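These notes are about the structure you will find just below.
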Amino acid sequence: MRHALTAILAAVSFTSIAAAQTPPTEAPATPTTQSEIGAAIAKDMDGLMTLYRDLHASPELSLQEVNTAAKLAKRLKALKYDVTEKVGGTGVVAMMKNGTGPVLLIRADMDGLPVVEQTGLSFASKVRTKTPEGVETGVMHACGHDTHMTAFMATAKLLAARKDQWKGTLVMILQPAEEVGKGARDMLEDGLYTRFPRPTHAIAFHDAANLEAGVVGYTPGYALANVDSVDIVVKGLGGHGAYPQTTRDPIVLGARIVTSLQTLVSREQEPQDPAVVTVGSFQGGAKHNIIPDEAKLLLTIRSYSDETRAKLIKGIERISRGEAIAAGVPDDRMPVVTVKDEFTPSTYNPPEFAEQMAGLLKTHFPEGRVVKTPAVMGGEDFGRFYRADKSIKSFIFWVGGVPADKMAAAQAGQISLPSLHSPFWAPEADKVIATASEAMTVLALDILKKD
């Protein structure tokens, strides 16, 4: 999950989640498919947990998911899917055609994070590597992509075994580089919608660190935010710290820019249109008594609509230049604002389709297992698949991973829960996998149902 969804999820109050719950208006039915699918998953759980532990212990960073992709592609081939590897880098596309009908895309992401695991699990990752910047680090599935892949494989197996219950085409994709916002874009640019059948529907799930294990959360409309990384190089004129009058101090100017940026949200943004402008890093200088020539600010920008995104970026450029002019910086030393090539577009669940899918899950699962949750300011590049073709009916949902006893203790104020991206995040994996694979199978069988 892209860029600090961890903090956002952790900040969602348990009270608000409960208040947002929307129970079905009538007693939920218990169709035969529920017990049958659940029983099939339970029967296969030992094997699924073996796969999960293997994936957890051997994570790979974004754009490096070579071994992960290969081992899962092999499993998909064994299930008789038509498998294409190296789509958009390390991406995998597995197709199964079963007559005429809708084309359903089901997606899981594969990449781990540069995090040193501290869960204490017996199968904890001990992988060490270097980031593209050359920094040595541990690698961990701290965002739960290992549960995503395992549930994906369970769903692939369940649907392959039930071809008599559906018709259409499955396009199941294993996507790289979600954590850096590039994987979905790379797969699309490599012909995902031209080399393979264009989807009419798309579904995915993400584990959640603020929901009890096995609880499904859903959000109609905007579910996750636009994410932009912005660099500001603040230029000045350096010199001796004892003679500041001979300089144009970029640190003081940077501080003014940081302060003024706060007004973009507090004074220029419509209060009912959420946005975030966070300065995550302020770098400048190397010695006590030297005023440097430059300082650098690193920002994360969050929004939902494209209009708000553009407005925020223009505001950052305007404020940076305006403060520099006020500080007497010459035109050839104006701040340089760079929007990084890491944009993750907001994820949007078309409301009618989201309510339809949620209603199906509410009917399938016991009362209280499916709840409506608020939108968050985290990012998820699953949104690119819908943005590339807005005729697609797209739906991403949450599956809680917090053990019930820990959730109760947290609600009582006795403990704090680790968030996604935390080195301590260890979801109750069997419940996440079982719930997610059952939910995705139920949704797929409905989308691809026979007349």
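Chain labels A, B, ... are given in the sequence in which chains occur in the structure tokens; within each chain residues are numbered consecutively from 1, and ligands are likewise numbered from 1 in the order shown.
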Expected answer as a ChimeraX atom specification: strand (DSSP E) residues in range 149-327 of chain A: /A:168-175,201-212,216-218,221-224,226-235,239-240,276-284,290-291,294-303
Contacts of Asp451 in chain A within 10 Å, only C-alpha atoms, excl. fewer than 6 positions in-chain, as a list in words: Gly101, Trp166 and Lys167 of chain A
Shell of 10 Å around range 344-346 of chain A, only C-alpha atoms, local chain residues under 6 positions omitted, as an NGL selection string: :A and (2-3 or 178-182 or 184-185 or 222-229 or 302-306 or 309 or 377-384 or 387)
Residue with smallest distance to Thr259 in chain A - pool A:Met49, A:Leu105, A:Leu360, A:Val277, counting only C-alpha atoms: A:Val277
Selection: 12 Å around Arg75 in chain A, only C-alpha atoms, excl. self and same-chain fewer than 5 positions, as a list of chain:residue names: A:Leu51, A:Thr68, A:Ala69, A:Ala70, A:Lys80, A:Tyr81, A:Asp82, A:Val83, A:Val92, A:Ala94, A:Met149, A:Thr150, A:Phe152, A:Met153, A:Ala154, A:Ala156, A:Lys157
Spatial neighbours of range 324-338 of chain A, max dist 7 Å, only C-alpha atoms, sep filter under 6 positions, as a VMD selection string: chain A and resid 230 to 236 248 253 317
Serialized selection, all heavy atoms, as a short mmCIF file (atom, residue, chain, number, x, y, z; two decimals), in the first residue's frame:
data_model
loop_
_atom_site.label_atom_id
_atom_site.label_comp_id
_atom_site.auth_asym_id
_atom_site.auth_seq_id
_atom_site.Cartn_x
_atom_site.Cartn_y
_atom_site.Cartn_z
N VAL A 230 6.72 15.27 -4.29
CA VAL A 230 7.20 16.54 -4.83
C VAL A 230 8.50 16.94 -4.14
O VAL A 230 8.59 16.89 -2.91
CB VAL A 230 6.15 17.66 -4.66
CG1 VAL A 230 6.69 19.00 -5.18
CG2 VAL A 230 4.85 17.29 -5.38
N ASP A 231 9.50 17.30 -4.93
CA ASP A 231 10.77 17.82 -4.40
C ASP A 231 10.83 19.32 -4.64
O ASP A 231 10.46 19.80 -5.73
CB ASP A 231 11.96 17.17 -5.11
CG ASP A 231 12.10 15.68 -4.82
OD1 ASP A 231 11.31 15.16 -4.00
OD2 ASP A 231 12.97 15.05 -5.44
N ILE A 232 11.29 20.07 -3.64
CA ILE A 232 11.54 21.50 -3.81
C ILE A 232 13.01 21.76 -3.47
O ILE A 232 13.43 21.54 -2.33
CB ILE A 232 10.65 22.36 -2.89
CG1 ILE A 232 9.17 22.03 -3.10
CG2 ILE A 232 10.90 23.85 -3.15
CD1 ILE A 232 8.23 22.77 -2.14
N VAL A 233 13.77 22.20 -4.45
CA VAL A 233 15.14 22.62 -4.21
C VAL A 233 15.11 24.13 -3.98
O VAL A 233 14.76 24.90 -4.87
CB VAL A 233 16.06 22.27 -5.40
CG1 VAL A 233 17.48 22.81 -5.15
CG2 VAL A 233 16.09 20.76 -5.61
N VAL A 234 15.43 24.52 -2.76
CA VAL A 234 15.42 25.93 -2.36
C VAL A 234 16.85 26.47 -2.53
O VAL A 234 17.77 26.02 -1.86
CB VAL A 234 14.95 26.09 -0.90
CG1 VAL A 234 14.89 27.56 -0.52
CG2 VAL A 234 13.59 25.43 -0.72
N LYS A 235 17.00 27.43 -3.41
CA LYS A 235 18.32 27.98 -3.70
C LYS A 235 18.55 29.29 -2.96
O LYS A 235 17.62 30.09 -2.79
CB LYS A 235 18.49 28.18 -5.20
CG LYS A 235 18.37 26.90 -6.00
CD LYS A 235 18.59 27.13 -7.48
CE LYS A 235 18.49 25.84 -8.26
NZ LYS A 235 18.76 26.04 -9.70
N GLY A 236 19.78 29.50 -2.52
CA GLY A 236 20.13 30.73 -1.84
C GLY A 236 21.54 31.15 -2.22
O GLY A 236 22.04 30.80 -3.28
N ARG A 248 21.88 34.79 1.25
CA ARG A 248 20.43 34.58 1.13
C ARG A 248 20.19 33.17 1.65
O ARG A 248 20.45 32.19 0.96
CB ARG A 248 19.96 34.72 -0.32
CG ARG A 248 20.03 36.14 -0.87
CD ARG A 248 18.95 37.02 -0.22
NE ARG A 248 18.96 38.37 -0.79
CZ ARG A 248 19.67 39.38 -0.31
NH1 ARG A 248 20.45 39.20 0.77
NH2 ARG A 248 19.62 40.57 -0.87
N LEU A 253 14.48 30.49 4.20
CA LEU A 253 13.48 30.51 3.12
C LEU A 253 12.70 29.21 3.08
O LEU A 253 11.46 29.21 2.93
CB LEU A 253 14.18 30.76 1.78
CG LEU A 253 13.30 30.65 0.52
CD1 LEU A 253 12.08 31.56 0.62
CD2 LEU A 253 14.12 30.97 -0.72
N GLU A 317 3.95 25.47 -6.29
CA GLU A 317 4.84 26.25 -7.15
C GLU A 317 4.71 27.75 -6.85
O GLU A 317 5.71 28.47 -6.77
CB GLU A 317 4.51 25.96 -8.62
CG GLU A 317 4.82 24.52 -9.03
CD GLU A 317 4.25 24.17 -10.40
OE1 GLU A 317 3.35 24.92 -10.89
OE2 GLU A 317 4.66 23.15 -10.98
#
Å distance separating CA of Ile251 in chain A from CA of Asp293 in chain A, one decimal place: 9.1 Å
Ile290 in chain A environment, 6 Å, only C-alpha atoms, sequence neighbours closer than 3 positions dropped, as an MDAnalysis selection string: chainID A and resid 239:241 287
Just write the chosen residues, C-alpha atoms, as an mmCIF file, in the first residue's frame.
data_model
loop_
_atom_site.group_PDB
_atom_site.id
_atom_site.type_symbol
_atom_site.label_atom_id
_atom_site.label_comp_id
_atom_site.auth_asym_id
_atom_site.auth_seq_id
_atom_site.Cartn_x
_atom_site.Cartn_y
_atom_site.Cartn_z
ATOM 1 C CA GLY A 239 28.318 32.026 3.424
ATOM 2 C CA HIS A 240 29.613 32.257 6.974
ATOM 3 C CA GLY A 241 27.064 31.859 9.735
ATOM 4 C CA LYS A 287 28.004 22.489 9.660
#
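As for CA of Asn349 in chain A and CA of Ser394 in chain A, they are spaced 5.8 Å apart.
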Surrounding residues of range 141-148 of chain A excluding itself and chain neighbours under 2 positions, 7 Å, only C-alpha atoms, as a ChimeraX atom specification: /A:1,52,55-56,59,108-113,150-152,206-207,420-423,425,429,432-433
All helix (DSSP H, G or I) residues (DSSP, backbone) inside range 91-242 of chain A, as a ChimeraX atom specification: /A:145-160,163-165,183-189
Near range 434-443 of chain A, 8 Å: range 125-221 of chain A residue rows, closest pairs, only C-alpha atoms, as CSV:
residue,atom,partner,partner_atom,distance
A:Ala151,CA,A:Ser437,CA,4.8
A:Phe152,CA,A:Ser437,CA,6.6
A:Ala154,CA,A:Ser437,CA,6.0
A:Thr155,CA,A:Ser437,CA,5.1
A:Leu158,CA,A:Thr441,CA,7.0
A:Leu159,CA,A:Thr441,CA,6.8
A:Ile203,CA,A:Met440,CA,7.6
A:Ala204,CA,A:Met440,CA,7.6
A:Phe205,CA,A:Ala436,CA,7.1
A:Gly214,CA,A:Thr435,CA,5.6
A:Val215,CA,A:Thr435,CA,7.9
A:Val216,CA,A:Thr435,CA,7.9
Requested write-out: C-alpha atoms of the selected residues, as a PDB file, in the first residue's frame:
ATOM      1  CA  ALA A 151      -5.690 -15.623  -1.596  1.00  0.00           C
ATOM      2  CA  PHE A 152      -5.252 -14.944  -5.319  1.00  0.00           C
ATOM      3  CA  ALA A 154      -6.727 -19.938  -3.780  1.00  0.00           C
ATOM      4  CA  THR A 155      -9.244 -18.030  -5.899  1.00  0.00           C
ATOM      5  CA  LEU A 158     -11.464 -22.459  -6.810  1.00  0.00           C
ATOM      6  CA  LEU A 159     -12.585 -20.922 -10.099  1.00  0.00           C
ATOM      7  CA  ILE A 203     -11.713  -6.792  -8.462  1.00  0.00           C
ATOM      8  CA  ALA A 204      -9.002  -6.892  -5.814  1.00  0.00           C
ATOM      9  CA  PHE A 205      -8.646  -6.734  -2.048  1.00  0.00           C
ATOM     10  CA  GLY A 214     -12.125 -11.806   8.672  1.00  0.00           C
ATOM     11  CA  VAL A 215     -14.177  -8.608   8.524  1.00  0.00           C
ATOM     12  CA  VAL A 216     -14.729  -7.200   5.025  1.00  0.00           C
TER      13      VAL A 216
END
